[in-house]
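Text of the file entry-v4.cif, holding mmCIF, C-alpha atoms and all ligand atoms; chains and numbers go by the auth columns:
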data_start
loop_
_atom_site.group_PDB
_atom_site.id
_atom_site.type_symbol
_atom_site.label_atom_id
_atom_site.label_comp_id
_atom_site.label_asym_id
_atom_site.label_seq_id
_atom_site.Cartn_x
_atom_site.Cartn_y
_atom_site.Cartn_z
_atom_site.B_iso_or_equiv
_atom_site.auth_seq_id
_atom_site.auth_asym_id
ATOM 1 C CA MET A 1 29.814 -17.431 12.743 0.00 1 A
ATOM 2 C CA PHE A 2 28.815 -17.569 16.403 0.00 2 A
ATOM 3 C CA PHE A 3 28.309 -14.961 19.079 0.00 3 A
ATOM 4 C CA LEU A 4 29.400 -14.917 22.684 0.00 4 A
ATOM 5 C CA PRO A 5 26.739 -13.669 25.108 0.00 5 A
ATOM 6 C CA THR A 6 28.315 -10.222 24.866 0.00 6 A
ATOM 7 C CA GLY A 7 28.480 -10.397 21.079 0.00 7 A
ATOM 8 C CA LYS A 8 25.605 -8.078 20.347 0.00 8 A
ATOM 9 C CA LYS A 9 26.914 -5.353 22.603 0.00 9 A
ATOM 10 C CA ALA A 10 30.482 -5.674 21.383 0.00 10 A
ATOM 11 C CA ALA A 11 29.306 -5.427 17.792 0.00 11 A
ATOM 12 C CA ALA A 12 27.264 -2.341 18.633 0.00 12 A
ATOM 13 C CA TYR A 13 30.397 -0.611 19.883 0.00 13 A
ATOM 14 C CA TYR A 14 32.083 -0.967 16.557 0.00 14 A
ATOM 15 C CA GLY A 15 29.367 -1.531 13.999 0.00 15 A
ATOM 16 C CA ASP A 16 27.263 0.876 12.020 0.00 16 A
ATOM 17 C CA LEU A 17 23.712 1.361 13.276 0.00 17 A
ATOM 18 C CA VAL A 18 20.682 1.902 11.077 0.00 18 A
ATOM 19 C CA LEU A 19 18.049 4.423 12.185 0.00 19 A
ATOM 20 C CA ASN A 20 14.919 3.892 10.155 0.00 20 A
ATOM 21 C CA ASN A 21 11.888 4.468 12.379 0.00 21 A
ATOM 22 C CA LYS A 22 10.756 7.339 10.186 0.00 22 A
ATOM 23 C CA SER A 23 13.089 7.949 7.260 0.00 23 A
ATOM 24 C CA GLU A 24 11.791 5.518 4.685 0.00 24 A
ATOM 25 C CA LYS A 25 8.167 6.245 5.594 0.00 25 A
ATOM 26 C CA ALA A 26 9.033 9.838 4.697 0.00 26 A
ATOM 27 C CA ASP A 27 10.671 8.791 1.398 0.00 27 A
ATOM 28 C CA MET A 28 14.207 9.328 2.676 0.00 28 A
ATOM 29 C CA PRO A 29 16.860 6.598 2.663 0.00 29 A
ATOM 30 C CA PRO A 30 17.539 5.118 6.122 0.00 30 A
ATOM 31 C CA VAL A 31 20.166 6.819 8.299 0.00 31 A
ATOM 32 C CA ILE A 32 23.439 5.016 8.944 0.00 32 A
ATOM 33 C CA PHE A 33 25.168 6.083 12.126 0.00 33 A
ATOM 34 C CA PRO A 34 28.832 5.022 12.178 0.00 34 A
ATOM 35 C CA HIS A 35 29.276 4.234 15.857 0.00 35 A
ATOM 36 C CA TRP A 36 32.992 3.561 15.605 0.00 36 A
ATOM 37 C CA VAL A 37 33.887 6.902 14.015 0.00 37 A
ATOM 38 C CA HIS A 38 32.054 8.695 16.812 0.00 38 A
ATOM 39 C CA ARG A 39 33.241 6.429 19.558 0.00 39 A
ATOM 40 C CA ALA A 40 36.826 7.110 18.520 0.00 40 A
ATOM 41 C CA GLU A 41 36.302 10.860 18.979 0.00 41 A
ATOM 42 C CA PHE A 42 34.036 10.952 22.021 0.00 42 A
ATOM 43 C CA LYS A 43 33.665 9.062 25.270 0.00 43 A
ATOM 44 C CA CYS A 44 30.461 7.041 25.591 0.00 44 A
ATOM 45 C CA LYS A 45 29.112 9.393 28.237 0.00 45 A
ATOM 46 C CA VAL A 46 29.204 12.349 25.862 0.00 46 A
ATOM 47 C CA CYS A 47 26.257 10.677 24.121 0.00 47 A
ATOM 48 C CA HIS A 48 24.858 8.093 26.561 0.00 48 A
ATOM 49 C CA PRO A 49 22.533 8.871 28.206 0.00 49 A
ATOM 50 C CA ALA A 50 22.919 12.648 27.792 0.00 50 A
ATOM 51 C CA ILE A 51 21.941 12.766 24.109 0.00 51 A
ATOM 52 C CA PHE A 52 20.825 9.252 23.144 0.00 52 A
ATOM 53 C CA GLU A 53 19.204 6.432 25.057 0.00 53 A
ATOM 54 C CA MET A 54 21.506 3.436 24.571 0.00 54 A
ATOM 55 C CA ARG A 55 19.086 1.253 22.631 0.00 55 A
ATOM 56 C CA SER A 56 18.570 1.041 18.888 0.00 56 A
ATOM 57 C CA GLY A 57 15.401 2.785 17.777 0.00 57 A
ATOM 58 C CA ALA A 58 14.607 4.114 21.266 0.00 58 A
ATOM 59 C CA ASN A 59 15.184 7.779 20.412 0.00 59 A
ATOM 60 C CA ASP A 60 12.404 9.850 18.899 0.00 60 A
ATOM 61 C CA ILE A 61 14.501 11.785 16.377 0.00 61 A
ATOM 62 C CA ASN A 62 13.287 14.002 13.559 0.00 62 A
ATOM 63 C CA MET A 63 14.744 16.803 11.464 0.00 63 A
ATOM 64 C CA GLY A 64 12.974 19.538 13.412 0.00 64 A
ATOM 65 C CA LYS A 65 14.760 18.451 16.595 0.00 65 A
ATOM 66 C CA ILE A 66 18.083 18.110 14.757 0.00 66 A
ATOM 67 C CA ALA A 67 17.674 21.657 13.416 0.00 67 A
ATOM 68 C CA GLU A 68 17.013 22.833 16.998 0.00 68 A
ATOM 69 C CA GLY A 69 20.335 21.333 18.065 0.00 69 A
ATOM 70 C CA LYS A 70 19.053 18.132 19.644 0.00 70 A
ATOM 71 C CA PHE A 71 20.290 14.555 18.971 0.00 71 A
ATOM 72 C CA CYS A 72 22.645 14.561 15.938 0.00 72 A
ATOM 73 C CA GLY A 73 22.181 18.324 15.804 0.00 73 A
ATOM 74 C CA ARG A 74 24.089 18.739 19.062 0.00 74 A
ATOM 75 C CA CYS A 75 27.221 18.396 16.925 0.00 75 A
ATOM 76 C CA HIS A 76 26.100 18.414 13.297 0.00 76 A
ATOM 77 C CA ASN A 77 25.472 22.140 13.381 0.00 77 A
ATOM 78 C CA ASP A 78 28.290 23.518 11.191 0.00 78 A
ATOM 79 C CA THR A 79 30.295 24.257 14.327 0.00 79 A
ATOM 80 C CA ILE A 80 31.416 20.996 15.943 0.00 80 A
ATOM 81 C CA ALA A 81 30.813 19.018 12.733 0.00 81 A
ATOM 82 C CA TRP A 82 29.233 19.572 9.312 0.00 82 A
ATOM 83 C CA GLY A 83 25.630 20.632 9.371 0.00 83 A
ATOM 84 C CA PRO A 84 22.228 19.055 8.690 0.00 84 A
ATOM 85 C CA ILE A 85 22.033 20.333 5.118 0.00 85 A
ATOM 86 C CA ARG A 86 24.265 17.436 4.012 0.00 86 A
ATOM 87 C CA CYS A 87 21.320 15.036 3.769 0.00 87 A
ATOM 88 C CA ALA A 88 23.050 12.138 2.029 0.00 88 A
ATOM 89 C CA ARG A 89 25.900 11.921 4.518 0.00 89 A
ATOM 90 C CA CYS A 90 23.450 10.680 7.153 0.00 90 A
ATOM 91 C CA HIS A 91 20.708 9.242 4.934 0.00 91 A
ATOM 92 C CA SER A 92 23.143 6.839 3.296 0.00 92 A
ATOM 93 C CA GLY A 93 21.316 3.544 3.837 0.00 93 A
ATOM 94 C CA LYS A 94 19.690 1.231 1.334 0.00 94 A
ATOM 95 C CA PRO A 95 15.925 0.743 1.110 0.00 95 A
ATOM 96 C CA GLY A 96 14.681 -1.980 3.429 0.00 96 A
ATOM 97 C CA MET A 97 17.432 -1.690 6.044 0.00 97 A
ATOM 98 C CA LYS A 98 15.973 -2.200 9.508 0.00 98 A
ATOM 99 C CA THR A 99 16.696 -0.154 12.629 0.00 99 A
ATOM 100 C CA GLY A 100 19.589 -1.780 14.512 0.00 100 A
ATOM 101 C CA LEU A 101 23.020 -3.069 13.659 0.00 101 A
ATOM 102 C CA VAL A 102 23.875 -3.187 9.945 0.00 102 A
ATOM 103 C CA HIS A 103 23.812 -6.803 8.818 0.00 103 A
ATOM 104 C CA GLY A 104 24.894 -8.152 5.492 0.00 104 A
ATOM 105 C CA PHE A 105 25.717 -4.834 3.864 0.00 105 A
ATOM 106 C CA SER A 106 29.060 -3.194 3.380 0.00 106 A
ATOM 107 C CA ARG A 107 29.621 0.431 2.728 0.00 107 A
HETATM 108 C C1 LIG B . 23.365 14.592 10.955 0.00 201 B
HETATM 109 C C2 LIG B . 22.558 13.545 10.349 0.00 201 B
HETATM 110 C C3 LIG B . 21.400 13.917 9.471 0.00 201 B
HETATM 111 C C4 LIG B . 21.387 14.781 8.398 0.00 201 B
HETATM 112 C C5 LIG B . 22.556 15.576 7.835 0.00 201 B
HETATM 113 C C6 LIG B . 20.048 14.761 7.872 0.00 201 B
HETATM 114 N N1 LIG B . 19.272 13.893 8.598 0.00 201 B
HETATM 115 FE FE1 LIG B . 17.309 13.520 8.269 0.00 201 B
HETATM 116 N N2 LIG B . 17.284 12.288 9.903 0.00 201 B
HETATM 117 C C7 LIG B . 18.365 11.981 10.684 0.00 201 B
HETATM 118 C C8 LIG B . 17.957 11.063 11.726 0.00 201 B
HETATM 119 C C9 LIG B . 18.857 10.450 12.774 0.00 201 B
HETATM 120 C C10 LIG B . 16.571 10.841 11.532 0.00 201 B
HETATM 121 C C11 LIG B . 15.657 9.879 12.304 0.00 201 B
HETATM 122 C C12 LIG B . 15.859 8.527 11.654 0.00 201 B
HETATM 123 C C13 LIG B . 14.666 7.616 11.699 0.00 201 B
HETATM 124 O O1 LIG B . 14.159 7.359 12.797 0.00 201 B
HETATM 125 O O2 LIG B . 14.232 7.136 10.608 0.00 201 B
HETATM 126 C C14 LIG B . 16.181 11.628 10.374 0.00 201 B
HETATM 127 C C15 LIG B . 14.885 11.669 9.868 0.00 201 B
HETATM 128 C C16 LIG B . 14.511 12.345 8.728 0.00 201 B
HETATM 129 C C17 LIG B . 13.149 12.371 8.214 0.00 201 B
HETATM 130 C C18 LIG B . 11.922 11.717 8.837 0.00 201 B
HETATM 131 C C19 LIG B . 11.512 12.464 10.090 0.00 201 B
HETATM 132 C C20 LIG B . 11.109 13.893 9.816 0.00 201 B
HETATM 133 O O3 LIG B . 11.771 14.814 10.346 0.00 201 B
HETATM 134 O O4 LIG B . 10.181 14.119 9.019 0.00 201 B
HETATM 135 C C21 LIG B . 13.186 13.126 7.053 0.00 201 B
HETATM 136 C C22 LIG B . 12.020 13.442 6.133 0.00 201 B
HETATM 137 C C23 LIG B . 14.565 13.575 6.882 0.00 201 B
HETATM 138 N N3 LIG B . 15.339 13.080 7.931 0.00 201 B
HETATM 139 C C24 LIG B . 14.991 14.366 5.856 0.00 201 B
HETATM 140 C C25 LIG B . 16.268 14.937 5.778 0.00 201 B
HETATM 141 C C26 LIG B . 16.675 15.898 4.750 0.00 201 B
HETATM 142 C C27 LIG B . 15.801 16.370 3.600 0.00 201 B
HETATM 143 C C28 LIG B . 17.970 16.241 5.038 0.00 201 B
HETATM 144 C C29 LIG B . 18.853 17.283 4.351 0.00 201 B
HETATM 145 C C30 LIG B . 18.256 18.628 4.213 0.00 201 B
HETATM 146 C C31 LIG B . 18.375 15.468 6.216 0.00 201 B
HETATM 147 N N4 LIG B . 17.318 14.705 6.628 0.00 201 B
HETATM 148 C C32 LIG B . 19.630 15.525 6.787 0.00 201 B
HETATM 149 C C33 LIG B . 19.646 12.438 10.526 0.00 201 B
HETATM 150 C C34 LIG B . 20.061 13.365 9.582 0.00 201 B
HETATM 151 C C1 LIG B . 28.317 10.517 19.174 0.00 202 B
HETATM 152 C C2 LIG B . 27.381 9.824 20.006 0.00 202 B
HETATM 153 C C3 LIG B . 27.674 8.436 20.492 0.00 202 B
HETATM 154 C C4 LIG B . 28.787 7.974 21.172 0.00 202 B
HETATM 155 C C5 LIG B . 30.060 8.728 21.538 0.00 202 B
HETATM 156 C C6 LIG B . 28.506 6.604 21.519 0.00 202 B
HETATM 157 N N1 LIG B . 27.272 6.253 21.057 0.00 202 B
HETATM 158 FE FE1 LIG B . 26.315 4.509 21.370 0.00 202 B
HETATM 159 N N2 LIG B . 24.747 5.099 20.223 0.00 202 B
HETATM 160 C C7 LIG B . 24.647 6.323 19.627 0.00 202 B
HETATM 161 C C8 LIG B . 23.457 6.354 18.810 0.00 202 B
HETATM 162 C C9 LIG B . 22.982 7.513 17.953 0.00 202 B
HETATM 163 C C10 LIG B . 22.834 5.099 18.954 0.00 202 B
HETATM 164 C C11 LIG B . 21.548 4.622 18.268 0.00 202 B
HETATM 165 C C12 LIG B . 20.345 5.178 18.997 0.00 202 B
HETATM 166 C C13 LIG B . 19.042 4.896 18.287 0.00 202 B
HETATM 167 O O1 LIG B . 18.969 3.996 17.433 0.00 202 B
HETATM 168 O O2 LIG B . 18.056 5.581 18.615 0.00 202 B
HETATM 169 C C14 LIG B . 23.663 4.335 19.865 0.00 202 B
HETATM 170 C C15 LIG B . 23.367 3.054 20.304 0.00 202 B
HETATM 171 C C16 LIG B . 24.132 2.342 21.216 0.00 202 B
HETATM 172 C C17 LIG B . 23.802 1.031 21.722 0.00 202 B
HETATM 173 C C18 LIG B . 22.564 0.211 21.380 0.00 202 B
HETATM 174 C C19 LIG B . 22.830 -0.753 20.264 0.00 202 B
HETATM 175 C C20 LIG B . 21.670 -1.695 20.071 0.00 202 B
HETATM 176 O O3 LIG B . 21.840 -2.627 19.263 0.00 202 B
HETATM 177 O O4 LIG B . 20.593 -1.509 20.674 0.00 202 B
HETATM 178 C C21 LIG B . 24.805 0.658 22.580 0.00 202 B
HETATM 179 C C22 LIG B . 24.924 -0.648 23.370 0.00 202 B
HETATM 180 C C23 LIG B . 25.763 1.739 22.602 0.00 202 B
HETATM 181 N N3 LIG B . 25.334 2.752 21.763 0.00 202 B
HETATM 182 C C24 LIG B . 26.920 1.749 23.344 0.00 202 B
HETATM 183 C C25 LIG B . 27.898 2.727 23.280 0.00 202 B
HETATM 184 C C26 LIG B . 29.158 2.658 23.991 0.00 202 B
HETATM 185 C C27 LIG B . 29.544 1.526 24.959 0.00 202 B
HETATM 186 C C28 LIG B . 29.862 3.769 23.656 0.00 202 B
HETATM 187 C C29 LIG B . 31.286 4.128 24.036 0.00 202 B
HETATM 188 C C30 LIG B . 32.255 3.066 23.776 0.00 202 B
HETATM 189 C C31 LIG B . 29.025 4.554 22.747 0.00 202 B
HETATM 190 N N4 LIG B . 27.856 3.876 22.547 0.00 202 B
HETATM 191 C C32 LIG B . 29.368 5.789 22.234 0.00 202 B
HETATM 192 C C33 LIG B . 25.506 7.377 19.794 0.00 202 B
HETATM 193 C C34 LIG B . 26.736 7.334 20.416 0.00 202 B
HETATM 194 C C1 LIG B . 28.877 14.432 20.135 0.00 203 B
HETATM 195 C C2 LIG B . 28.907 14.979 18.775 0.00 203 B
HETATM 196 C C3 LIG B . 28.206 14.216 17.655 0.00 203 B
HETATM 197 C C4 LIG B . 26.932 13.703 17.643 0.00 203 B
HETATM 198 C C5 LIG B . 25.893 13.766 18.734 0.00 203 B
HETATM 199 C C6 LIG B . 26.753 13.102 16.339 0.00 203 B
HETATM 200 N N1 LIG B . 27.889 13.256 15.592 0.00 203 B
HETATM 201 FE FE1 LIG B . 28.225 12.527 13.702 0.00 203 B
HETATM 202 N N2 LIG B . 30.120 13.228 13.758 0.00 203 B
HETATM 203 C C7 LIG B . 30.661 14.022 14.744 0.00 203 B
HETATM 204 C C8 LIG B . 32.014 14.414 14.376 0.00 203 B
HETATM 205 C C9 LIG B . 32.939 15.312 15.176 0.00 203 B
HETATM 206 C C10 LIG B . 32.266 13.817 13.121 0.00 203 B
HETATM 207 C C11 LIG B . 33.521 13.934 12.282 0.00 203 B
HETATM 208 C C12 LIG B . 33.315 15.189 11.463 0.00 203 B
HETATM 209 C C13 LIG B . 34.272 15.372 10.340 0.00 203 B
HETATM 210 O O1 LIG B . 34.969 14.433 9.957 0.00 203 B
HETATM 211 O O2 LIG B . 34.294 16.506 9.813 0.00 203 B
HETATM 212 C C14 LIG B . 31.057 13.075 12.764 0.00 203 B
HETATM 213 C C15 LIG B . 30.927 12.358 11.592 0.00 203 B
HETATM 214 C C16 LIG B . 29.756 11.762 11.166 0.00 203 B
HETATM 215 C C17 LIG B . 29.590 11.038 9.919 0.00 203 B
HETATM 216 C C18 LIG B . 30.674 10.805 8.883 0.00 203 B
HETATM 217 C C19 LIG B . 31.477 9.591 9.302 0.00 203 B
HETATM 218 C C20 LIG B . 32.613 9.286 8.353 0.00 203 B
HETATM 219 O O3 LIG B . 32.662 8.144 7.866 0.00 203 B
HETATM 220 O O4 LIG B . 33.434 10.175 8.120 0.00 203 B
HETATM 221 C C21 LIG B . 28.284 10.638 9.851 0.00 203 B
HETATM 222 C C22 LIG B . 27.630 9.847 8.737 0.00 203 B
HETATM 223 C C23 LIG B . 27.628 11.093 11.070 0.00 203 B
HETATM 224 N N3 LIG B . 28.566 11.771 11.840 0.00 203 B
HETATM 225 C C24 LIG B . 26.295 10.885 11.371 0.00 203 B
HETATM 226 C C25 LIG B . 25.690 11.206 12.590 0.00 203 B
HETATM 227 C C26 LIG B . 24.307 10.912 12.924 0.00 203 B
HETATM 228 C C27 LIG B . 23.318 10.236 12.007 0.00 203 B
HETATM 229 C C28 LIG B . 24.122 11.342 14.212 0.00 203 B
HETATM 230 C C29 LIG B . 22.870 11.224 15.052 0.00 203 B
HETATM 231 C C30 LIG B . 22.249 9.884 15.118 0.00 203 B
HETATM 232 C C31 LIG B . 25.378 11.912 14.666 0.00 203 B
HETATM 233 N N4 LIG B . 26.305 11.823 13.667 0.00 203 B
HETATM 234 C C32 LIG B . 25.594 12.465 15.931 0.00 203 B
HETATM 235 C C33 LIG B . 30.041 14.370 15.927 0.00 203 B
HETATM 236 C C34 LIG B . 28.786 13.960 16.345 0.00 203 B
#
Structure rendered as structure tokens:
Amino acid sequence: MFFLPTGKKAAAYYGDLVLNNKSEKADMPPVIFPHWVHRAEFKCKVCHPAIFEMRSGANDINMGKIAEGKFCGRCHNDTIAWGPIRCARCHSGKPGMKTGLVHGFSR
């Protein structure tokens, strides 16, 4: 498999992203963010840069902020989408997954 110069970005549009700056250190499985599912429902600018900086791992996210309605909690609040009590729906990664695009795993 080879990548065009734009390959990384194109993959990020469609691929699942791992967020694991803090989760595993706190004994939670890594978070998998399905970019495509969200991208299909919302324009990029709904999230970038208003909610998330457009770079893997660049956002300082924790559950306190999500509960306050920031980051994922802007929508995962039981109003726009299901709420933060559904831990395993977001923390669905496997131990050892690194922040960034999911490589070599299928869901
Ligand atoms: C809507 C998605 C979502 C749901 C639901 C969710 N989390 Fe998280 N959680 C995140 C994200 C994103 C991070 C930051 C990921 C990282 O950097 O590792 C995070 C980080 C964490 C962290 C580490 C940071 C901190 O706040 O201490 C813990 C612990 C955690 N989650 C526990 C939970 C528990 C327990 C639940 C269920 C009660 C839960 N999460 C539900 C998205 C979610
Ligand atoms: C529902 C919110 C949401 C929407 C809509 C969305 N993104 Fe993202 N995007 C994210 C999140 C969350 C991350 C990961 C941020 C992190 O790791 O801290 C991300 C990361 C990225 C990255 C960085 C990937 C990397 O490897 O560093 C790029 C590029 C990106 N998005 C582009 C887009 C584009 C282009 C669109 C529209 C086609 C889009 N995003 C729509 C939430 C969204
Ligand atoms: C702009 C609003 C918005 C933001 C921000 C957002 N989501 Fe979502 N998310 C949604 C909506 C809407 C759905 C579809 C809900 C449904 O099917 O009931 C969804 C669905 C999901 C799903 C299920 C996907 C599937 O396969 O059905 C996961 C997992 C998820 N979000 C994780 C996250 C995480 C993690 C974050 C933060 C990094 C996040 N979301 C931020 C709106 C958002």
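Comparing A:Lys45, A:Phe52, A:Val18, A:Ala40 by their smallest distance to Gly73 of chain A, the closest is A:Phe52 (using only C-alpha atoms).
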Which residues are close to segment 61-68 of chain A, i.e. within 12 Å by only C-alpha atoms, leaving aside same-chain residues fewer than 6 positions away? Reply as a PyMOL selection string. chain A and resi 19-23+26+28+31+51-53+74-78+83-85+87+90-91
Using the chain letters and numbers from the file, give me the residues hit by the PyMOL selection byres (((not hetatm)) within 6 of (chain B and resi 202)), as a PDB file with C-alpha atoms, in the coordinates of the input.
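Output file expr.pdb is given in full below:
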ATOM      1  CA  LYS A   9      26.914  -5.353  22.603  1.00  0.00           C
ATOM      2  CA  ALA A  12      27.264  -2.341  18.633  1.00  0.00           C
ATOM      3  CA  TYR A  13      30.397  -0.611  19.883  1.00  0.00           C
ATOM      4  CA  LEU A  19      18.049   4.423  12.185  1.00  0.00           C
ATOM      5  CA  HIS A  35      29.276   4.234  15.857  1.00  0.00           C
ATOM      6  CA  HIS A  38      32.054   8.695  16.812  1.00  0.00           C
ATOM      7  CA  ARG A  39      33.241   6.429  19.558  1.00  0.00           C
ATOM      8  CA  PHE A  42      34.036  10.952  22.021  1.00  0.00           C
ATOM      9  CA  LYS A  43      33.665   9.062  25.270  1.00  0.00           C
ATOM     10  CA  CYS A  44      30.461   7.041  25.591  1.00  0.00           C
ATOM     11  CA  VAL A  46      29.204  12.349  25.862  1.00  0.00           C
ATOM     12  CA  CYS A  47      26.257  10.677  24.121  1.00  0.00           C
ATOM     13  CA  PHE A  52      20.825   9.252  23.144  1.00  0.00           C
ATOM     14  CA  MET A  54      21.506   3.436  24.571  1.00  0.00           C
ATOM     15  CA  ARG A  55      19.086   1.253  22.631  1.00  0.00           C
ATOM     16  CA  SER A  56      18.570   1.041  18.888  1.00  0.00           C
ATOM     17  CA  GLY A  57      15.401   2.785  17.777  1.00  0.00           C
ATOM     18  CA  ALA A  58      14.607   4.114  21.266  1.00  0.00           C
ATOM     19  CA  ASN A  59      15.184   7.779  20.412  1.00  0.00           C
ATOM     20  CA  GLY A 100      19.589  -1.780  14.512  1.00  0.00           C
ATOM     21  CA  LEU A 101      23.020  -3.069  13.659  1.00  0.00           C
TER      22      LEU A 101
END
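Considering only C-alpha atoms, the residue among A:Phe33, A:Gly15, A:His48, A:Lys25 positioned nearest to Arg89 of chain A is A:Phe33.
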Closest to ligand LIG 201 (chain B) among A:Met97, A:Val37, A:Ala81, A:Cys72, using only C-alpha atoms and all ligand atoms? A:Cys72
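Interatomic distance, atom C23 of ligand LIG 203 (chain B) against atom CA of Arg86 of chain A: 10.1 Å.
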Any idea what the distance is between atom N1 of ligand LIG 203 (chain B) and atom CA of Glu41 of chain A? 9.4 Å
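With distances restricted to only C-alpha atoms and all ligand atoms, A:Pro34 is the closest residue to ligand LIG 203 (chain B) from A:Val102, A:Gly96, A:Asp60, A:Pro34.
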Report, in Å to a single decimal, how far apart atom CA of Ala50 of chain A and atom CA of Ala88 of chain A are. 25.8 Å
Using all atoms of segment 25-30 of chain A listed in the file and a margin of 5 Å per side, can you give the axis-aligned box centre and edge lengths in Å to one decimal, as lines of an AutoDock Vina configuration file?
center_x = 12.9
center_y = 7.5
center_z = 3.8
size_x = 19.4
size_y = 14.7
size_z = 14.7
Closest to ligand LIG 203 (chain B) among A:Trp82, A:Lys98, A:Asp16, A:Pro30, using all atoms listed in the file? A:Trp82
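In this comparison, which uses only C-alpha atoms and all ligand atoms, the residue of A:Glu24, A:His103, A:Lys94, A:Pro49 approaching ligand LIG 201 (chain B) most closely is A:Glu24.
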Subset file as a PDB file, in the first residue's frame: segment 12-32 of chain A, N, CA and C atoms:
ATOM      1  N   ALA A  12      -7.838  10.661   7.254  1.00  0.00           N
ATOM      2  CA  ALA A  12      -8.403  11.236   8.487  1.00  0.00           C
ATOM      3  C   ALA A  12      -9.849  11.665   8.286  1.00  0.00           C
ATOM      4  N   TYR A  13     -10.219  12.001   7.058  1.00  0.00           N
ATOM      5  CA  TYR A  13     -11.612  12.367   6.814  1.00  0.00           C
ATOM      6  C   TYR A  13     -12.530  11.180   7.060  1.00  0.00           C
ATOM      7  N   TYR A  14     -12.054  10.018   6.681  1.00  0.00           N
ATOM      8  CA  TYR A  14     -12.938   8.867   6.687  1.00  0.00           C
ATOM      9  C   TYR A  14     -12.661   7.901   7.818  1.00  0.00           C
ATOM     10  N   GLY A  15     -11.434   7.902   8.321  1.00  0.00           N
ATOM     11  CA  GLY A  15     -11.030   6.870   9.258  1.00  0.00           C
ATOM     12  C   GLY A  15     -11.506   7.154  10.679  1.00  0.00           C
ATOM     13  N   ASP A  16     -11.325   6.161  11.518  1.00  0.00           N
ATOM     14  CA  ASP A  16     -11.608   6.334  12.935  1.00  0.00           C
ATOM     15  C   ASP A  16     -10.349   6.872  13.613  1.00  0.00           C
ATOM     16  N   LEU A  17     -10.528   7.793  14.536  1.00  0.00           N
ATOM     17  CA  LEU A  17      -9.385   8.360  15.253  1.00  0.00           C
ATOM     18  C   LEU A  17      -9.375   7.861  16.696  1.00  0.00           C
ATOM     19  N   VAL A  18      -8.189   7.532  17.163  1.00  0.00           N
ATOM     20  CA  VAL A  18      -8.014   7.146  18.564  1.00  0.00           C
ATOM     21  C   VAL A  18      -7.674   8.394  19.369  1.00  0.00           C
ATOM     22  N   LEU A  19      -8.297   8.526  20.544  1.00  0.00           N
ATOM     23  CA  LEU A  19      -7.906   9.576  21.496  1.00  0.00           C
ATOM     24  C   LEU A  19      -7.476   8.858  22.772  1.00  0.00           C
ATOM     25  N   ASN A  20      -6.193   8.912  23.030  1.00  0.00           N
ATOM     26  CA  ASN A  20      -5.670   8.157  24.177  1.00  0.00           C
ATOM     27  C   ASN A  20      -4.557   8.923  24.877  1.00  0.00           C
ATOM     28  N   ASN A  21      -4.721  10.244  25.026  1.00  0.00           N
ATOM     29  CA  ASN A  21      -3.738  10.996  25.809  1.00  0.00           C
ATOM     30  C   ASN A  21      -3.856  10.663  27.288  1.00  0.00           C
ATOM     31  N   LYS A  22      -5.093  10.380  27.719  1.00  0.00           N
ATOM     32  CA  LYS A  22      -5.338  10.235  29.156  1.00  0.00           C
ATOM     33  C   LYS A  22      -6.046   8.958  29.537  1.00  0.00           C
ATOM     34  N   SER A  23      -6.834   8.396  28.615  1.00  0.00           N
ATOM     35  CA  SER A  23      -7.749   7.313  28.989  1.00  0.00           C
ATOM     36  C   SER A  23      -7.046   6.130  29.637  1.00  0.00           C
ATOM     37  N   GLU A  24      -6.069   5.573  28.925  1.00  0.00           N
ATOM     38  CA  GLU A  24      -5.453   4.357  29.456  1.00  0.00           C
ATOM     39  C   GLU A  24      -4.691   4.622  30.746  1.00  0.00           C
ATOM     40  N   LYS A  25      -4.100   5.815  30.850  1.00  0.00           N
ATOM     41  CA  LYS A  25      -3.401   6.167  32.103  1.00  0.00           C
ATOM     42  C   LYS A  25      -4.383   6.170  33.259  1.00  0.00           C
ATOM     43  N   ALA A  26      -5.662   6.421  32.931  1.00  0.00           N
ATOM     44  CA  ALA A  26      -6.706   6.448  33.964  1.00  0.00           C
ATOM     45  C   ALA A  26      -7.486   5.133  34.001  1.00  0.00           C
ATOM     46  N   ASP A  27      -6.873   4.064  33.435  1.00  0.00           N
ATOM     47  CA  ASP A  27      -7.497   2.737  33.452  1.00  0.00           C
ATOM     48  C   ASP A  27      -8.804   2.649  32.675  1.00  0.00           C
ATOM     49  N   MET A  28      -8.967   3.510  31.685  1.00  0.00           N
ATOM     50  CA  MET A  28     -10.112   3.391  30.776  1.00  0.00           C
ATOM     51  C   MET A  28      -9.589   2.972  29.397  1.00  0.00           C
ATOM     52  N   PRO A  29     -10.376   2.190  28.651  1.00  0.00           N
ATOM     53  CA  PRO A  29      -9.937   1.883  27.285  1.00  0.00           C
ATOM     54  C   PRO A  29      -9.840   3.178  26.468  1.00  0.00           C
ATOM     55  N   PRO A  30      -8.984   3.193  25.448  1.00  0.00           N
ATOM     56  CA  PRO A  30      -8.869   4.384  24.598  1.00  0.00           C
ATOM     57  C   PRO A  30     -10.215   4.729  23.952  1.00  0.00           C
ATOM     58  N   VAL A  31     -10.376   6.001  23.603  1.00  0.00           N
ATOM     59  CA  VAL A  31     -11.590   6.453  22.910  1.00  0.00           C
ATOM     60  C   VAL A  31     -11.397   6.274  21.412  1.00  0.00           C
ATOM     61  N   ILE A  32     -12.427   5.764  20.746  1.00  0.00           N
ATOM     62  CA  ILE A  32     -12.418   5.751  19.278  1.00  0.00           C
ATOM     63  C   ILE A  32     -13.490   6.708  18.790  1.00  0.00           C
TER      64      ILE A  32
END
